[in-house]
file run_15.cif (mmCIF, C-alpha atoms, pLDDT in the B column; chains and numbers go by the auth columns)
data_start
#
loop_
_atom_site.group_PDB
_atom_site.id
_atom_site.type_symbol
_atom_site.label_atom_id
_atom_site.label_comp_id
_atom_site.label_asym_id
_atom_site.label_seq_id
_atom_site.Cartn_x
_atom_site.Cartn_y
_atom_site.Cartn_z
_atom_site.B_iso_or_equiv
_atom_site.auth_seq_id
_atom_site.auth_asym_id
ATOM 1 C CA MET A 1 102.439 109.248 103.767 78.00 1 A
ATOM 2 C CA VAL A 2 102.069 112.729 105.282 83.00 2 A
ATOM 3 C CA LEU A 3 103.726 115.718 103.702 83.00 3 A
ATOM 4 C CA VAL A 4 105.442 118.081 106.122 79.00 4 A
ATOM 5 C CA ARG A 5 106.410 121.527 105.030 82.00 5 A
ATOM 6 C CA TYR A 6 110.135 122.257 105.522 81.00 6 A
ATOM 7 C CA ASN A 7 110.869 125.027 108.030 81.00 7 A
ATOM 8 C CA PRO A 8 114.574 126.035 108.124 78.00 8 A
ATOM 9 C CA TRP A 9 114.040 128.093 111.315 83.00 9 A
ATOM 10 C CA GLN A 10 112.974 124.995 113.222 84.00 10 A
ATOM 11 C CA GLU A 11 116.451 123.495 112.924 83.00 11 A
ATOM 12 C CA LEU A 12 118.059 126.750 114.088 84.00 12 A
ATOM 13 C CA ASN A 13 115.719 126.922 117.091 85.00 13 A
ATOM 14 C CA THR A 14 116.621 123.360 118.048 85.00 14 A
ATOM 15 C CA LEU A 15 120.325 124.125 117.743 85.00 15 A
ATOM 16 C CA GLN A 16 119.903 127.269 119.888 86.00 16 A
ATOM 17 C CA ARG A 17 118.149 125.282 122.647 84.00 17 A
ATOM 18 C CA GLN A 18 120.927 122.692 122.643 83.00 18 A
ATOM 19 C CA ILE A 19 123.619 125.383 122.939 82.00 19 A
ATOM 20 C CA ASP A 20 121.705 127.110 125.777 78.00 20 A
ATOM 21 C CA THR A 21 121.448 123.802 127.644 76.00 21 A
ATOM 22 C CA LEU A 22 125.175 123.186 127.215 75.00 22 A
ATOM 23 C CA PHE A 23 126.098 126.601 128.656 71.00 23 A
ATOM 24 C CA GLU A 24 123.660 126.315 131.562 65.00 24 A
ATOM 25 C CA ASP A 25 125.587 123.290 132.804 58.00 25 A
ATOM 26 C CA PHE A 26 128.912 125.165 132.847 58.00 26 A
ATOM 27 C CA GLN A 27 127.682 128.557 133.975 53.00 27 A
ATOM 28 C CA ALA A 28 129.581 129.992 136.941 50.00 28 A
ATOM 29 C CA PRO A 29 128.528 133.024 138.951 48.00 29 A
ATOM 30 C CA THR A 30 129.898 136.125 137.277 43.00 30 A
ATOM 31 C CA PHE A 31 129.538 138.508 140.205 44.00 31 A
ATOM 32 C CA THR A 32 129.254 138.508 143.930 52.00 32 A
ATOM 33 C CA LYS A 33 125.964 139.817 145.189 67.00 33 A
ATOM 34 C CA ALA A 34 126.332 142.167 148.128 77.00 34 A
ATOM 35 C CA PRO A 35 123.558 142.095 150.712 83.00 35 A
ATOM 36 C CA ALA A 36 121.091 144.969 150.793 88.00 36 A
ATOM 37 C CA ALA A 37 121.653 147.402 153.655 92.00 37 A
ATOM 38 C CA GLU A 38 119.565 149.953 155.504 94.00 38 A
ATOM 39 C CA LEU A 39 121.206 152.639 157.662 94.00 39 A
ATOM 40 C CA HIS A 40 119.344 154.761 160.209 94.00 40 A
ATOM 41 C CA GLU A 41 121.075 157.351 162.383 92.00 41 A
ATOM 42 C CA THR A 42 119.741 158.731 165.656 91.00 42 A
ATOM 43 C CA GLU A 43 121.285 161.134 168.146 89.00 43 A
ATOM 44 C CA ASP A 44 122.809 158.292 170.186 91.00 44 A
ATOM 45 C CA ALA A 45 123.516 155.503 167.699 92.00 45 A
ATOM 46 C CA VAL A 46 123.679 154.272 164.135 93.00 46 A
ATOM 47 C CA HIS A 47 121.363 151.345 163.312 95.00 47 A
ATOM 48 C CA LEU A 48 122.407 149.084 160.457 95.00 48 A
ATOM 49 C CA LYS A 49 120.280 146.308 158.932 95.00 49 A
ATOM 50 C CA LEU A 50 121.591 143.787 156.412 93.00 50 A
ATOM 51 C CA GLU A 51 119.629 141.152 154.506 91.00 51 A
ATOM 52 C CA LEU A 52 121.352 137.775 154.794 89.00 52 A
ATOM 53 C CA PRO A 53 118.693 135.219 153.830 86.00 53 A
ATOM 54 C CA GLY A 54 119.616 131.565 153.942 84.00 54 A
ATOM 55 C CA ILE A 55 122.828 132.123 155.902 88.00 55 A
ATOM 56 C CA ASP A 56 123.476 130.558 159.306 88.00 56 A
ATOM 57 C CA ALA A 57 124.613 132.879 162.094 89.00 57 A
ATOM 58 C CA LYS A 58 127.800 130.825 162.499 90.00 58 A
ATOM 59 C CA ASP A 59 128.751 131.687 158.897 89.00 59 A
ATOM 60 C CA VAL A 60 128.655 135.468 159.510 91.00 60 A
ATOM 61 C CA ASP A 61 131.760 137.398 160.588 92.00 61 A
ATOM 62 C CA ILE A 62 131.380 141.044 161.681 92.00 62 A
ATOM 63 C CA SER A 63 134.279 143.454 162.174 92.00 63 A
ATOM 64 C CA VAL A 64 133.681 147.003 163.408 92.00 64 A
ATOM 65 C CA THR A 65 136.092 149.930 163.493 90.00 65 A
ATOM 66 C CA GLU A 66 135.178 153.387 164.714 87.00 66 A
ATOM 67 C CA ASN A 67 134.213 154.510 161.201 88.00 67 A
ATOM 68 C CA ALA A 68 133.232 151.364 159.228 91.00 68 A
ATOM 69 C CA VAL A 69 131.512 147.982 159.459 92.00 69 A
ATOM 70 C CA LYS A 70 132.739 144.931 157.547 92.00 70 A
ATOM 71 C CA VAL A 71 130.491 141.893 157.158 92.00 71 A
ATOM 72 C CA VAL A 72 131.829 138.666 155.665 90.00 72 A
ATOM 73 C CA ALA A 73 129.406 135.781 155.189 90.00 73 A
ATOM 74 C CA GLU A 74 129.122 132.528 153.316 87.00 74 A
ATOM 75 C CA ARG A 75 126.089 130.760 151.925 84.00 75 A
ATOM 76 C CA LYS A 76 126.924 127.093 151.675 81.00 76 A
ATOM 77 C CA SER A 77 125.558 125.183 148.732 76.00 77 A
ATOM 78 C CA GLU A 78 122.960 122.530 149.268 70.00 78 A
ATOM 79 C CA THR A 79 123.820 119.578 147.084 65.00 79 A
ATOM 80 C CA LYS A 80 120.899 117.442 146.062 64.00 80 A
ATOM 81 C CA THR A 81 121.206 114.422 143.859 60.00 81 A
ATOM 82 C CA ASP A 82 118.360 113.348 141.669 62.00 82 A
ATOM 83 C CA GLU A 83 118.439 110.242 139.586 64.00 83 A
ATOM 84 C CA ASN A 84 115.915 111.500 137.038 70.00 84 A
ATOM 85 C CA GLY A 85 116.241 115.232 136.751 69.00 85 A
ATOM 86 C CA ARG A 86 118.254 118.381 136.745 73.00 86 A
ATOM 87 C CA THR A 87 118.233 121.365 139.028 72.00 87 A
ATOM 88 C CA ARG A 88 118.626 124.909 137.792 72.00 88 A
ATOM 89 C CA SER A 89 119.524 127.441 140.452 72.00 89 A
ATOM 90 C CA GLU A 90 119.938 131.211 140.329 72.00 90 A
ATOM 91 C CA PHE A 91 120.991 131.381 143.975 74.00 91 A
ATOM 92 C CA TYR A 92 124.459 132.663 144.735 75.00 92 A
ATOM 93 C CA TYR A 93 126.487 130.280 146.846 78.00 93 A
ATOM 94 C CA GLY A 94 129.850 131.183 148.232 82.00 94 A
ATOM 95 C CA LYS A 95 131.600 133.865 150.238 86.00 95 A
ATOM 96 C CA PHE A 96 130.957 137.584 149.997 85.00 96 A
ATOM 97 C CA GLN A 97 131.821 140.696 151.947 88.00 97 A
ATOM 98 C CA ARG A 98 130.552 144.220 152.307 90.00 98 A
ATOM 99 C CA VAL A 99 132.241 147.219 153.923 92.00 99 A
ATOM 100 C CA ILE A 100 129.929 150.041 154.956 92.00 100 A
ATOM 101 C CA PRO A 101 131.583 153.359 155.831 92.00 101 A
ATOM 102 C CA LEU A 102 129.968 155.380 158.631 90.00 102 A
ATOM 103 C CA ARG A 103 129.703 159.173 158.802 89.00 103 A
ATOM 104 C CA SER A 104 129.860 159.259 162.605 88.00 104 A
ATOM 105 C CA ARG A 105 132.510 157.794 164.868 90.00 105 A
ATOM 106 C CA ILE A 106 131.211 154.940 166.964 90.00 106 A
ATOM 107 C CA GLN A 107 132.217 153.018 170.079 89.00 107 A
ATOM 108 C CA ASN A 108 133.205 149.767 168.425 86.00 108 A
ATOM 109 C CA THR A 109 133.552 148.042 171.817 88.00 109 A
ATOM 110 C CA ASN A 110 129.809 148.458 172.622 90.00 110 A
ATOM 111 C CA VAL A 111 128.207 147.173 169.428 91.00 111 A
ATOM 112 C CA LYS A 112 125.076 145.045 169.814 93.00 112 A
ATOM 113 C CA ALA A 113 124.128 142.475 167.163 93.00 113 A
ATOM 114 C CA GLU A 114 120.934 140.520 166.625 93.00 114 A
ATOM 115 C CA TYR A 115 120.272 138.023 163.823 92.00 115 A
ATOM 116 C CA LYS A 116 116.722 136.866 163.191 91.00 116 A
ATOM 117 C CA ASP A 117 114.863 135.627 160.094 90.00 117 A
ATOM 118 C CA GLY A 118 117.770 136.432 157.767 89.00 118 A
ATOM 119 C CA ILE A 119 118.089 140.055 158.942 92.00 119 A
ATOM 120 C CA LEU A 120 121.209 141.206 160.782 94.00 120 A
ATOM 121 C CA ASN A 121 120.541 144.201 163.074 95.00 121 A
ATOM 122 C CA LEU A 122 123.540 146.103 164.422 95.00 122 A
ATOM 123 C CA THR A 123 123.256 148.896 166.978 94.00 123 A
ATOM 124 C CA LEU A 124 126.394 151.018 166.823 93.00 124 A
ATOM 125 C CA PRO A 125 126.540 153.555 169.688 93.00 125 A
ATOM 126 C CA LYS A 126 128.178 156.884 168.868 91.00 126 A
ATOM 127 C CA THR A 127 131.193 158.181 170.767 88.00 127 A
ATOM 128 C CA GLU A 128 130.616 160.883 173.368 83.00 128 A
ATOM 129 C CA GLN A 129 132.329 163.396 171.072 80.00 129 A
ATOM 130 C CA GLU A 130 129.774 162.694 168.338 73.00 130 A
ATOM 131 C CA LYS A 131 126.805 162.814 170.720 69.00 131 A
ATOM 132 C CA ASN A 132 127.761 166.168 172.214 69.00 132 A
ATOM 133 C CA LYS A 133 128.838 167.747 168.961 68.00 133 A
ATOM 134 C CA VAL A 134 127.233 171.179 169.005 65.00 134 A
ATOM 135 C CA VAL A 135 128.237 173.919 166.635 64.00 135 A
ATOM 136 C CA LYS A 136 127.655 177.531 167.681 70.00 136 A
ATOM 137 C CA VAL A 137 126.473 179.744 164.853 77.00 137 A
ATOM 138 C CA ASN A 138 126.954 183.492 165.182 74.00 138 A
ATOM 139 C CA LEU A 139 124.220 185.643 163.797 73.00 139 A
ATOM 140 C CA GLU A 140 125.459 188.961 162.529 73.00 140 A
ATOM 141 C CA GLN A 141 123.262 192.008 162.784 70.00 141 A
ATOM 142 C CA PRO A 142 123.033 194.122 159.640 73.00 142 A
ATOM 143 C CA ALA A 143 124.695 197.508 160.011 70.00 143 A
ATOM 144 C CA ALA A 144 122.216 200.311 160.469 61.00 144 A
#
call {"tool": "encode", "arguments": {"input": "run_15.cif", "output": "structure tokens"}}
result
Amino acid sequence: MVLVRYNPWQELNTLQRQIDTLFEDFQAPTFTKAPAAELHETEDAVHLKLELPGIDAKDVDISVTENAVKVVAERKSETKTDENGRTRSEFYYGKFQRVIPLRSRIQNTNVKAEYKDGILNLTLPKTEQEKNKVVKVNLEQPAA
């Protein structure tokens, strides 16, 4: 017969692992992750990039006004069934949206969109008013 020293912490650790496993099975996403964006402005246009990895182009909806861009997309869940195993995923599945306000007014009828390798590229041409916006600054001479 082998003597084993009693360790009360061992039972608590086992209980903690069992509780963690129970909550992992019922865990729902607690927040909606918005896609990362990159905005670059030139004299003629505003260029917007959004990261949308794992999303099909048909699941992306883009709405453009003259001062904002709204992107609504959905990542559909991939259901896999295993007979002998469990899957733990930290991916967010579901619908999300992001509204990006623009500092310049744009021609929302001439927007160009390209979607490749999970990156959405939007070219948003500025209105003629924004392109030709020149402000005259008067320089005052100091009195002599």
call {"tool": "atom_distance", "arguments": {"input": "run_15.cif", "atom1": "CA of Ser89 in chain A", "atom2": "CA of Gln16 in chain A"}}
result
20.6 Å
call {"tool": "closest_residue", "arguments": {"input": "run_15.cif", "among": "A:Arg105, A:Lys112, A:Arg5, A:Lys49", "to": "Gln129 in chain A", "atoms": "all atoms listed in the file"}}
result
A:Arg105
call {"tool": "axis_aligned_box", "arguments": {"input": "run_15.cif", "around": "range 54-65 of chain A", "padding_each_side": "3 Å", "output": "lines of an AutoDock Vina configuration file"}}
result
center_x = 127.9
center_y = 140.2
center_z = 158.7
size_x = 22.5
size_y = 25.4
size_z = 15.6
call {"tool": "residues_around", "arguments": {"input": "run_15.cif", "residues": "Glu78 in chain A", "least_positions_apart": "6", "cutoff": "12 Å", "atoms": "all atoms listed in the file", "output": "MDAnalysis selection string"}}
result
chainID A and resid 54:55 87 89 91:94
call {"tool": "resolve_selection", "arguments": {"input": "run_15.cif", "expression": "the PyMOL selection byres ((chain A and resi 58) around 12)", "output": "list in words"}}
result
Gly54, Ile55, Asp56, Ala57, Asp59, Val60, Asp61, Ile62, Val72, Ala73, Glu74, Arg75, Lys76 and Tyr115 of chain A
call {"tool": "resolve_selection", "arguments": {"input": "run_15.cif", "expression": "the PyMOL selection byres ((chain A and resi 104) around 8)", "output": "list in words"}}
result
Asn67, Leu102, Arg103, Arg105, Ile106, Lys126 and Glu130 of chain A
call {"tool": "atom_distance", "arguments": {"input": "run_15.cif", "atom1": "CA of Lys70 in chain A", "atom2": "CA of Val46 in chain A"}}
result
14.6 Å
call {"tool": "atom_distance", "arguments": {"input": "run_15.cif", "atom1": "CA of Glu128 in chain A", "atom2": "CA of Ala36 in chain A"}}
result
29.2 Å
call {"tool": "residues_near_point", "arguments": {"input": "run_15.cif", "point": "(118.7, 139.5, 157.0)", "cutoff": "10 Å", "atoms": "all atoms listed in the file", "output": "list in words"}}
result
Pro35, Ala36, Ala37, Lys49, Leu50, Glu51, Leu52, Pro53, Gly54, Ile55, Glu114, Tyr115, Lys116, Asp117, Gly118, Ile119, Leu120 and Asn121 of chain A
call {"tool": "closest_residue", "arguments": {"input": "run_15.cif", "among": "A:Gln141, A:Thr21, A:Thr127, A:Ser63", "to": "Ala113 in chain A", "atoms": "all atoms listed in the file"}}
result
A:Ser63
call {"tool": "closest_residue", "arguments": {"input": "run_15.cif", "among": "A:Trp9, A:Leu122, A:Pro142, A:Ala34", "to": "Val99 in chain A", "atoms": "all atoms listed in the file"}}
result
A:Ala34
call {"tool": "closest_residue", "arguments": {"input": "run_15.cif", "among": "A:Phe23, A:Leu124, A:Glu140, A:Leu12", "to": "Glu43 in chain A", "atoms": "only C-alpha atoms"}}
result
A:Leu124
